[in-house]
Structures are given as structure tokens and as C-alpha cells.
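Engineer: This is the structure I want to talk about, given as C-alpha cells.
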Amino acid sequence: MPISQDFIYELKARNSIEDVVSSYVNRRRAGRNQTGLCPFHNEKTPSFTVFPESGSFYCFGCQAAGDVITFIRRIENLDYINAVKFLADRAGMTMPEDGQSDASYMLRTKILEINRAAAKFFHNNLARPEGRRALDYLRGRGLTDATIRKFGLGAALDSWDSLIKHLREKGYSRGDIIAANLAVGKNERYYDRFRNRVMFPIIDLRGAVVGFTGRILDKDNQRGKYVNTENNVVYKKNREIYGLNFAKNSNGGRIILCEGNMDVIAMNQAGFENAVAAMGTAFNHEHARILSKYCEEIIIAGDNDEAGRRAVMKETDVLRDAGLKVKILEVPSGKDPDEFLRENGEKGRELFADLLKNAVTDVDYKLRITNGDIDMTSAEGRVEYSKKAIAVLCDIDNRLEREIYAAKLAQQLEISKESVMQQIEQMKKRRRRADAKKQFREIGLRIGGYSDKINPEKVKFLRASRSEEQLISLLINNSDYLKSMKEKGLPDLFLTSFNRRLFSEAASSIESGYTEPEDILADLNRCFEPEEISAAHSIAMLRSGEGMGKGNGDIEEIDDFCQILRQEREKVSAVTAASMSEQEAAEAFERLKRSKLE
């Protein structure tokens with residue numbers, strides 16, 4: 001059953017869009033509205049706008065849009081029911097019973113229960129003879145029993161279905177076990193996803209086990225060194241940060257970003273509990289946004305090899321975009337933190353603490369890496385280095401910081417600071433022009449429907465889809481038009497399935513009692529994904545501000561748009577005439593001629 005309108009109204013009243021967004025986005029006042037850098041895509045110039053009066057947001061860069069529920073769905077990767085529950089918990093409200101019974105909410109709860117049972121099973125396996133190899137591996141990596149318990153490490157046995165049998169005995173269905181990504185297979189033959197591996201449970205900030213990483217024990221095994229839980233309703237690899245459940249309470253304003261979970265565990269055991277690592281994917285803007293909630297400074301302690309250095313260069317840009325101060329810790333001899341701590345034994349902690357003290361800023365690190373093997377004694381080498389160094393300084397948003405590094409570079413190159421600043425400004429102008437051209441191309445593609453992933457049929461039926469969007473916008477902004485539109489055959493005249501579904505669901509919202517545009521759009525959260533809600537907001541904005549019941553002008557427009565849809569449907573019929581009989585083709589041709597004459 002749907003959640004009542006009254007509950008949703010109160011929920012949104014207690015969770016104002018400004019307050020909720022402020023936890024994720026640094027904003028500034030722009031008249032009645034607020035602007036900031038969009039949390040859903042990478043940008044340098046703020047294009048994300050909060051509209052307090054309507055309780056909505058819109059990004060003019062990536063077109064993300066919606067109300068406070070849509071925002072939480074996108075930013076926290078939650079479905080509708082769990083986003084409502086998130087906001088209800090935030091406001092101290094009790095979810096109604098009909099919301100609690102939602103299938104999606106129940107599945108999420110069930111998967112978390114299964115994961116917890118699986119984690120306990122894997123950990124207990126270490127005490128079994130079959131799990132001895134995994135225990136020996138962990139101890140061989142220098143881990144104490146206390147550390148193994150702290151991180152809940154375990155063993156997946158060399159068996160096809162030991163976990164499935166254990167969970168089935170606990171009363172869990174095979175379907176739920178598959179949904180948790182702990183079993184795979186087909187044709188009624190299912191087996192454990194994790195077999196003969198050391199197991200690392202992934203624990204979120206609330207202490208729930210959301211997934212697993214399994215490291216292989218047999219070196220000659222062809223199944224991959226690491227196997228990770230795949231994305232599901234409780235686990236999103238582009239959001240999970242290993243060790244953050246410990247680091248968030250012990251970071252002292254800074255967090256150490258490592259490359260792998262063994263680095264996190266080894267550093268934790270050595271007393272550096274503020275160590276974390278991204279899980280199963282490259283470090284991204286979502287990871288950075290999450291970390292920015294718990295610290296002001298990030299120290300990157302990646303692998304000190306060529307691949308590690310490339311990763312560091314990318315991570316610094318992502319972290320800076322999130323407003324974080326960044327430093328780089330370089331482990332000697334190309335080792336990772338885990339190796340360094342193990343090889344230095346009792347002195348490892350003290351030596352690693354010294355490395356932390358000597359961490360360099362990301363700009364200094366980039367300039368040194370950029371220098372590389374360039375011959376700075378030659379004029380050609382100095383020119384080459386200056387071009388690369390200028391590109392590094394262009395990435396610094398803070399003007400004061402940029403000028404300080406420009407002065408250092410000028411001294412190094414024995415040229416004037418003014419020359420360096422002039423080169424920086426010229427490069428920034430070229431970048432702005434390139435960005436403007438890119439945005440122009442993207443707008444062109446979007447208008448033409450070529451980049452529309454929400455309505456992929458738009459590019460095929462461009463004229464029809466534009467009329468459909470105008471009709472949907474008229475409906476959302478003028479709910480009293482619904483009866484007239486239905487009498488004219490809408491949405492049956494629509495050619496694109498997404499627009500047809502959007503019109504139908506908006507009509508359903510109106511029939512349920514919603515009349516204001518923002519309420520109609522908010523109600524669409526019950527049946528559309530966040531990206532689809534954004535598309536709905538963009539369509540609604542085509543006629544926003546025109547008010548309710550504009551009169552004969554709008555009615556005539558509706559007739560015109562319906563006529564276009566009839567013409568486009570006739571064209572589609574004519575195109576398929578080759579597969580018709582001669583009589584069917586002749587009738588279709590006559591209908592097309594009549595529609596053009598009307």
C-alpha cells in the first residue's frame with residue numbers, strides 16, 4: 001500500500017530541502033535560492049540550485065532534479081521506501097505500518113540479516129580444520145587474533161555449497177541468498193559465490209555487513225585474486241569505503257586513504273585507526289563526498305609504483321573538488337603500507353609516523369612527478385617542464401594558493417612571477433572555451449535526443465516526443481486539464497513508452513488528490529527511479545510558472561500537439577506499409593494525406 005499523503009507532507013515539512021542539502025553541499029545565497037557545486041557530477045562552477053519555496057533542487061549542468069526525497073534517493077543510493085525511512089528517522093518520525101510492509105524494505109532487511117549470518121559463519125570457519133589455511137594466511141600477514149576479531153575476518157571453505165546449506169538451515173530462502181549475492185548459478189544448480197577464500201566483511205557506518213571481499217588462497221586458481229559482492233539493494237561499490245566505520249571516530253580531522261583492505265587492517269593494528277580504502281572500484285567523487293563529511297584533510301598512502309602514482313594523480317583532483325586538503329605520503333622502496341609495517345617490525349609504527357609528518361602537499365607532489373626525467377639544465381627541458389607545471393597550477397581554485405606556487409615555480413625557472421601568472425590565465429581561458437564548446441555539443445545532443453538515456457526512443461520520434469513533453473508539462477502545471485486530455489485520447493496517442501508512462505503516472509497522482517506541480521512530481525517517487533524523476537522535473541519546467549487553467553490558449557495548444565501525434569503515428573504506419581497488403585497500404589496512405597490537409 002502507498003504511504004499516505006499526510007505522512008509525506010509532514011515528512012517534507014520536517015525535512016526542509018535547505019537543511020537536508022546543507023549536510024552534503026556547501027551553498028551560498030542567490031536571491032531567494034541557494035547555489036553550490038553539484039554532488040552528482042564533477043564541476044568547477046556551481047550549477048546546483050536549491051529552491052526553498054518549492055522544496056526542490058535542479059542542476060543546470062547534469063539536469064539532476066527533484067524534491068528532498070529524490071535528493072536522498074540519489075545521494076544515499078536508496079529506493080523510495082528507504083529514502084522515506086531515512087528522512088523519517090532524521091526527523092524522529094515513525095514510519096506507518098503500510099510503508100514498513102513494502103517488499104523492497106523487507107528485502108533490504110532480509111539481505112542485511114543474511115550477510116550478518118554469513119559473516120559469523122565465515123569467521124567461525126577459522127576455528128575449523130577446513131579453515132586452517134585461511135587462518136595461517138592471516139597470521140602470516142602479521143595479524144593478531146584481536147585484529148582478526150575486530151575486522152570479523154573469516155574463511156570461505158573449499159566447498160560448493162557449505163554456506164548455502166548453513167543459511168538454509170537458518171531458515172533463509174534460496175531466492176534471498178541469491179539476492180544477497182552469496183549464491184550463484186542457473187537451471188536449479190546453485191553454489192556458493194565465495195569458495196576457498198579469505199573473507200573480508202564490508203561494514204557500513206551503521207555497523208551493518210553490506211557485502212564481502214574474498215581473497216584467493218590457491219595461487220594457481222583461475223577465478224581471480226579477489227571476488228567482491230556485486231551491487232544490490234544494500235551494497236553499492238562506488239560508495240563503500242572500507243574501514244570508515246572505525247576511522248570516522250578516530251581521525252582527528254584527517255583520514256589516511258590506502259589502496260587496499262590489507263593496508264587498512266595493518267595500519268589499524270599499528271594504531272592508525274583513521275585508515276580507509278575504496279572498495280572494488282576506482283576512487284570517485286562519491287567516495288570523496290562521503291569522506292568530506294568526516295574530515296578536512298586526506299593523506300594518500302597509495303602504492304609507490306608507477307600504477308600507484310597514476311592513481312594518486314587522479315585521486316588528488318577528485319579530493320580537491322570535494323573541498324578537502326590533500327597530502328601525499330610516499331612509502332620508500334615502492335612498497336605499500338602493509339609491507340612497510342611488516343618489514344620494519346616493532347619500529348614500523350614509529351617509522352610510519354615519521355612518513356606521515358613528512359607528507360607533501362598534492363601540488364608539490366604533482367610538480368615533482370611532472371618534472372620526472374626532464375633535463376632542467378637545457379632550455380628545451382625548462383620549457384617542457386614549465387608547460388606541464390602551468391597545467392598543474394591551473395587546477396588550483398584558490399587564487400592565493402595559486403599565486404604562492406606560481407612564485408615558487410618562477411624562482412625555480414628563474415623567470416618573473418608575472419610571466420607564470422599570465423601563462424596560467426591564458427591556459428584557464430583556453431580551458432573555459434573548451435568546456436563551453438563541450439557543453440554546447442552536449443546541449444545539442446540532448447535537444448536532438450541522441451544522449452537521452454531515460455527516453456531512448458526520443459531520437460527516433462523527435463517531433464512526437466517534443467509534443468508529448470509539452471503535453472506532460474501542461475498536465476503537471478495545470479492538473480484540471482486531465483479530463484479534457486483523456487477525452488482527446490491521451491496518453492494512447494504517445495509514441496514513446498517513457499513519456500506514456502510518465503503521463504499515466506502523473507494522471508494517477510492527480511486522481512489521488514495531488515494538484516500542485518511540486519506535489520505531483522514528489523508523488524512520482526513511488527514509481528520512478530531518481531534519474532527518471534530528474535527527467536520529469538525537466539519536462540515540467542517547460543511550462544512552469546504558467547499557472548493553473550490558462551484557458552482557451554492552452555486548450556488550442558493541446559489540440560495542436562495531439563494533431564502532431566496523430567500525424568507522427570500515421571508516418572510510422574506508412575513506414576511499415578511494405579509489410580502490409582496493397583489495400584492496407586492504400587488506406588494508410590489516404591489517412592496520411594488527410595492528416596496533412598487538416
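Labels for the C-alpha cells follow display order: chains A, B, ..., residues from 1 in each chain, ligands from 1.
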Residues within 9 Å of stretch 479-491 of chain A, please, as a PDB file with N, CA and C atoms, in the first residue's frame. Count only C-alpha atoms; anything in the same chain fewer than 5 positions from it doesn't count.
Structural biologist:
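What ended up in selection_26.pdb:
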ATOM      1  N   GLU A 468       4.823  15.351 -26.873  1.00  0.00           N
ATOM      2  CA  GLU A 468       4.475  14.598 -25.664  1.00  0.00           C
ATOM      3  C   GLU A 468       4.961  15.326 -24.411  1.00  0.00           C
ATOM      4  N   LEU A 471       2.779  18.268 -23.608  1.00  0.00           N
ATOM      5  CA  LEU A 471       1.505  17.835 -23.036  1.00  0.00           C
ATOM      6  C   LEU A 471       1.663  17.412 -21.577  1.00  0.00           C
ATOM      7  N   LEU A 474       2.104  20.557 -19.525  1.00  0.00           N
ATOM      8  CA  LEU A 474       0.813  21.217 -19.347  1.00  0.00           C
ATOM      9  C   LEU A 474      -0.016  20.512 -18.290  1.00  0.00           C
ATOM     10  N   ASN A 499       7.444   8.517 -22.002  1.00  0.00           N
ATOM     11  CA  ASN A 499       6.508   9.632 -21.880  1.00  0.00           C
ATOM     12  C   ASN A 499       5.089   9.146 -21.618  1.00  0.00           C
ATOM     13  N   ARG A 500       4.713   8.028 -22.233  1.00  0.00           N
ATOM     14  CA  ARG A 500       3.386   7.471 -21.998  1.00  0.00           C
ATOM     15  C   ARG A 500       3.227   7.072 -20.531  1.00  0.00           C
ATOM     16  N   ARG A 501       4.272   6.435 -19.983  1.00  0.00           N
ATOM     17  CA  ARG A 501       4.226   6.017 -18.567  1.00  0.00           C
ATOM     18  C   ARG A 501       4.219   7.234 -17.652  1.00  0.00           C
ATOM     19  N   PHE A 503       3.079  10.285 -18.282  1.00  0.00           N
ATOM     20  CA  PHE A 503       1.756  10.913 -18.338  1.00  0.00           C
ATOM     21  C   PHE A 503       0.771  10.115 -17.490  1.00  0.00           C
ATOM     22  N   SER A 504       0.792   8.799 -17.636  1.00  0.00           N
ATOM     23  CA  SER A 504      -0.159   7.942 -16.912  1.00  0.00           C
ATOM     24  C   SER A 504       0.012   8.054 -15.407  1.00  0.00           C
ATOM     25  N   ALA A 507      -1.104  11.412 -14.140  1.00  0.00           N
ATOM     26  CA  ALA A 507      -2.570  11.401 -14.088  1.00  0.00           C
ATOM     27  C   ALA A 507      -3.057  10.656 -12.850  1.00  0.00           C
ATOM     28  N   ILE A 510      -2.731  12.870  -9.853  1.00  0.00           N
ATOM     29  CA  ILE A 510      -3.793  13.882  -9.820  1.00  0.00           C
ATOM     30  C   ILE A 510      -5.102  13.262  -9.355  1.00  0.00           C
ATOM     31  N   GLU A 511      -5.404  12.071  -9.857  1.00  0.00           N
ATOM     32  CA  GLU A 511      -6.634  11.385  -9.449  1.00  0.00           C
ATOM     33  C   GLU A 511      -6.608  10.981  -7.977  1.00  0.00           C
ATOM     34  N   TYR A 514      -3.536  14.921  -5.681  1.00  0.00           N
ATOM     35  CA  TYR A 514      -2.456  15.902  -5.803  1.00  0.00           C
ATOM     36  C   TYR A 514      -2.791  16.884  -6.922  1.00  0.00           C
ATOM     37  N   THR A 515      -2.648  18.166  -6.655  1.00  0.00           N
ATOM     38  CA  THR A 515      -2.973  19.177  -7.664  1.00  0.00           C
ATOM     39  C   THR A 515      -1.823  20.135  -7.939  1.00  0.00           C
ATOM     40  N   GLU A 516      -0.984  20.399  -6.948  1.00  0.00           N
ATOM     41  CA  GLU A 516       0.146  21.301  -7.141  1.00  0.00           C
ATOM     42  C   GLU A 516       1.277  20.586  -7.879  1.00  0.00           C
ATOM     43  N   PRO A 517       1.983  21.281  -8.785  1.00  0.00           N
ATOM     44  CA  PRO A 517       3.059  20.639  -9.562  1.00  0.00           C
ATOM     45  C   PRO A 517       4.104  19.949  -8.685  1.00  0.00           C
ATOM     46  N   ILE A 520       2.691  16.698  -7.298  1.00  0.00           N
ATOM     47  CA  ILE A 520       2.577  15.666  -8.340  1.00  0.00           C
ATOM     48  C   ILE A 520       3.945  15.059  -8.617  1.00  0.00           C
ATOM     49  N   MET A 548      -2.385  27.768 -13.154  1.00  0.00           N
ATOM     50  CA  MET A 548      -3.456  26.794 -13.365  1.00  0.00           C
ATOM     51  C   MET A 548      -4.519  27.384 -14.298  1.00  0.00           C
ATOM     52  N   GLY A 549      -5.038  26.526 -15.179  1.00  0.00           N
ATOM     53  CA  GLY A 549      -6.188  26.904 -16.004  1.00  0.00           C
ATOM     54  C   GLY A 549      -5.999  28.148 -16.831  1.00  0.00           C
ATOM     55  N   ILE A 555      -5.885  25.095 -24.384  1.00  0.00           N
ATOM     56  CA  ILE A 555      -6.722  24.052 -24.977  1.00  0.00           C
ATOM     57  C   ILE A 555      -6.413  23.915 -26.468  1.00  0.00           C
ATOM     58  N   ILE A 558      -3.169  22.131 -26.848  1.00  0.00           N
ATOM     59  CA  ILE A 558      -3.346  20.690 -26.632  1.00  0.00           C
ATOM     60  C   ILE A 558      -3.842  20.034 -27.913  1.00  0.00           C
ATOM     61  N   ASP A 559      -4.807  20.670 -28.563  1.00  0.00           N
ATOM     62  CA  ASP A 559      -5.320  20.139 -29.842  1.00  0.00           C
ATOM     63  C   ASP A 559      -4.204  20.064 -30.879  1.00  0.00           C
ATOM     64  N   CYS A 562      -1.845  17.202 -30.064  1.00  0.00           N
ATOM     65  CA  CYS A 562      -2.493  15.912 -30.351  1.00  0.00           C
ATOM     66  C   CYS A 562      -2.506  15.647 -31.857  1.00  0.00           C
TER      67      CYS A 562
END
Engineer: At a cut-off of 6 Å, using only C-alpha atoms, what residues contact A:Asp338? Leave out same-chain residues fewer than 2 positions from it and give the result as a list in words.
Structural biologist: Asp263, Ala266, Asp336, Phe340 and Leu341 of chain A
Engineer: List every residue of stretch 287-388 of chain A that has an atom at most 9 Å from any atom of stretch 22-38 of chain A, and for each one report the closest atom pair and its distance in Å to one decimal, counting only C-alpha atoms, with rows sorted by chain and then by increasing residue number, as a tab-separated table.
Structural biologist:
residue	atom	partner	partner_atom	distance
A:Arg289	CA	A:Tyr24	CA	7.5
A:Ile290	CA	A:Tyr24	CA	8.4
A:Ser292	CA	A:Tyr24	CA	8.8
A:Lys293	CA	A:Tyr24	CA	7.6
A:Asp321	CA	A:Leu37	CA	8.9
A:Ala322	CA	A:Leu37	CA	9.0
Engineer: Given the choices A:His41, A:Arg133, A:Arg14, A:Arg108, which gets closest to A:Val233 if the distance is worked out from only C-alpha atoms?
Structural biologist: A:Arg108
Engineer: Considering only C-alpha atoms, give me a table of residues in stretch 228-335 of chain A that are at most 9 Å from stretch 66-88 of chain A, with the closest atom pair and distance in Å for each, as a tab-separated table.
Structural biologist:
residue	atom	partner	partner_atom	distance
A:Val233	CA	A:Leu78	CA	7.7
A:Val234	CA	A:Leu78	CA	8.4
A:Lys236	CA	A:Asn77	CA	7.7
A:Arg239	CA	A:Asn77	CA	8.6
A:Glu286	CA	A:Ile75	CA	8.5
Engineer: Quick one: pick out all strand (DSSP E or B) residues within stretch 320-464 of chain A from a backbone DSSP run and write them as JSON, numbers by chain.
Structural biologist: {"A": [325, 326, 327, 328, 360, 361]}
Engineer: Choose the residue, out of A:Leu182, A:Glu113, A:Glu346, A:Ala391, that has the smallest atom-to-atom separation from A:Leu367; count only C-alpha atoms.
Structural biologist: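 That would be A:Ala391, the residue with the smallest distance to A:Leu367.
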Engineer: A:Leu502: which residues within 12 Å, counting only C-alpha atoms, same-chain residues fewer than 6 positions away excluded, as a ChimeraX atom specification?
Structural biologist: /A:454-455,468-469,471-473,475-476,490-491,494,496,508-509,520-521,523-525,527-529,532-537,539-540
Engineer: Just give me the gap between atom CA of A:Val209 and atom CA of A:Met95 in Å, one decimal is fine.
Structural biologist: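 Straight-line distance from atom CA of A:Val209 to atom CA of A:Met95 works out to 23.4 Å.
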Engineer: Residues at most 10 Å from A:Ile564, counting only C-alpha atoms, excluding those fewer than 5 positions away in the same chain, as an MDAnalysis selection string?
Structural biologist: chainID A and resid 463:464 466:468 493 558:559 569:570 595:596
Engineer: Take the residues from that selection and put them in a file with C-alpha atoms, as a PDB file, in the first residue's frame.
Structural biologist:
ATOM      1  CA  ARG A 463       8.823  15.603 -33.250  1.00  0.00           C
ATOM      2  CA  ALA A 464       6.349  13.398 -31.412  1.00  0.00           C
ATOM      3  CA  ARG A 466       8.612  17.051 -28.071  1.00  0.00           C
ATOM      4  CA  SER A 467       4.825  17.304 -28.314  1.00  0.00           C
ATOM      5  CA  GLU A 468       4.475  14.598 -25.664  1.00  0.00           C
ATOM      6  CA  LEU A 493      -1.503   8.764 -28.828  1.00  0.00           C
ATOM      7  CA  ILE A 558      -3.346  20.690 -26.632  1.00  0.00           C
ATOM      8  CA  ASP A 559      -5.320  20.139 -29.842  1.00  0.00           C
ATOM      9  CA  ARG A 569       1.627   7.888 -35.811  1.00  0.00           C
ATOM     10  CA  GLU A 570       0.460   7.893 -39.411  1.00  0.00           C
ATOM     11  CA  SER A 595      -3.912  14.391 -41.776  1.00  0.00           C
ATOM     12  CA  LYS A 596      -1.614  16.730 -43.710  1.00  0.00           C
TER      13      LYS A 596
END
Engineer: Report as a PyMOL selection string all protein, DNA and RNA residues lying within 12 Å of A:Ala379, evaluated on only C-alpha atoms, omitting residues in the same chain fewer than 6 positions from it.
Structural biologist: chain A and resi 385-386+413-414
Engineer: What residues in stretch 82-236 of chain A get the DSSP label helix (DSSP H, G or I)? Please answer as JSON, numbers by chain.
Structural biologist: {"A": [82, 83, 84, 85, 86, 87, 88, 89, 90, 91, 97, 98, 99, 100, 103, 104, 105, 106, 107, 108, 109, 110, 111, 112, 113, 114, 115, 116, 117, 118, 119, 120, 121, 122, 123, 124, 125, 129, 130, 131, 132, 133, 134, 135, 136, 137, 138, 139, 140, 145, 146, 147, 148, 149, 150, 162, 163, 164, 165, 166, 167, 168, 169, 174, 175, 176, 177, 178, 179]}
Engineer: For the residues in the current selection, export C-alpha atoms as a compact mmCIF listing (two decimals), in the first residue's frame.
Structural biologist:
# COMPACT_ATOMS: atom_id res chain seq x y z
CA ASN A 82 14.17 3.53 2.37
CA ALA A 83 14.63 7.19 1.45
CA VAL A 84 11.37 7.99 3.23
CA LYS A 85 12.53 5.93 6.21
CA PHE A 86 15.89 7.75 6.19
CA LEU A 87 14.13 11.12 6.38
CA ALA A 88 11.63 9.84 8.93
CA ASP A 89 14.49 8.71 11.19
CA ARG A 90 16.16 12.09 10.70
CA ALA A 91 13.00 13.89 11.81
CA GLU A 97 2.84 0.22 9.01
CA ASP A 98 1.93 0.16 5.33
CA GLY A 99 5.35 1.60 4.50
CA GLN A 100 7.10 -0.97 6.67
CA ALA A 103 8.63 -5.51 -0.40
CA SER A 104 11.78 -3.50 -1.15
CA TYR A 105 12.23 -2.53 2.51
CA MET A 106 11.69 -6.12 3.62
CA LEU A 107 14.21 -7.42 1.08
CA ARG A 108 16.84 -4.94 2.26
CA THR A 109 16.30 -6.00 5.87
CA LYS A 110 16.47 -9.67 4.91
CA ILE A 111 19.74 -9.26 3.00
CA LEU A 112 21.37 -7.48 5.93
CA GLU A 113 20.32 -10.37 8.20
CA ILE A 114 21.73 -12.92 5.75
CA ASN A 115 25.01 -11.01 5.45
CA ARG A 116 25.38 -10.90 9.23
CA ALA A 117 24.75 -14.66 9.45
CA ALA A 118 27.23 -15.30 6.61
CA ALA A 119 29.91 -13.13 8.26
CA LYS A 120 29.55 -15.08 11.50
CA PHE A 121 29.74 -18.37 9.57
CA PHE A 122 32.93 -17.29 7.74
CA HIS A 123 34.57 -16.11 10.98
CA ASN A 124 33.73 -19.33 12.84
CA ASN A 125 35.24 -21.33 9.97
CA PRO A 129 40.23 -27.69 10.44
CA GLU A 130 38.94 -26.80 6.95
CA GLY A 131 39.59 -23.13 7.65
CA ARG A 132 43.14 -23.57 8.93
CA ARG A 133 44.76 -22.41 5.69
CA ALA A 134 42.93 -19.10 5.83
CA LEU A 135 43.89 -18.59 9.48
CA ASP A 136 47.54 -19.37 8.69
CA TYR A 137 47.43 -16.87 5.82
CA LEU A 138 46.12 -14.10 8.07
CA ARG A 139 48.67 -14.83 10.79
CA GLY A 140 51.36 -14.99 8.14
CA ASP A 145 43.81 -12.70 16.80
CA ALA A 146 42.45 -9.42 18.21
CA THR A 147 42.71 -7.74 14.80
CA ILE A 148 41.11 -10.72 13.09
CA ARG A 149 38.17 -10.46 15.50
CA LYS A 150 37.95 -6.67 15.20
CA SER A 162 28.58 -25.11 2.61
CA LEU A 163 27.29 -21.54 3.08
CA ILE A 164 24.05 -22.22 1.21
CA LYS A 165 23.34 -25.23 3.44
CA HIS A 166 24.13 -23.23 6.58
CA LEU A 167 21.85 -20.33 5.60
CA ARG A 168 19.05 -22.68 4.50
CA GLU A 169 19.22 -24.31 7.95
CA ARG A 174 17.40 -19.63 -1.78
CA GLY A 175 15.98 -16.57 -3.52
CA ASP A 176 17.05 -14.30 -0.66
CA ILE A 177 20.52 -15.87 -0.59
CA ILE A 178 20.88 -15.21 -4.32
CA ALA A 179 19.62 -11.63 -3.85
Engineer: Write out as a list in words which residues come within 7 Å of A:Leu217 when counting only C-alpha atoms, dropping same-chain ones fewer than 3 positions away.
Structural biologist: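 Close residues of A:Leu217: Asn196, Arg197 and Val198 of chain A.
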Engineer: What does the file look like for those residues with C-alpha atoms, as a PDB file, in the first residue's frame?
Structural biologist:
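Heads up, here's the output in part.pdb:
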ATOM      1  CA  ASN A 196      38.286 -21.357  -0.760  1.00  0.00           C
ATOM      2  CA  ARG A 197      38.972 -17.720   0.068  1.00  0.00           C
ATOM      3  CA  VAL A 198      39.959 -15.469   2.953  1.00  0.00           C
TER       4      VAL A 198
END
Engineer: Given only C-alpha atoms as the basis, pick out the residue of A:Gln412, A:Asn274, A:Gln426, A:Asn398 nearest to A:Met376.
Structural biologist: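 Among A:Gln412, A:Asn274, A:Gln426, A:Asn398, it is A:Gln412 that comes nearest to A:Met376.
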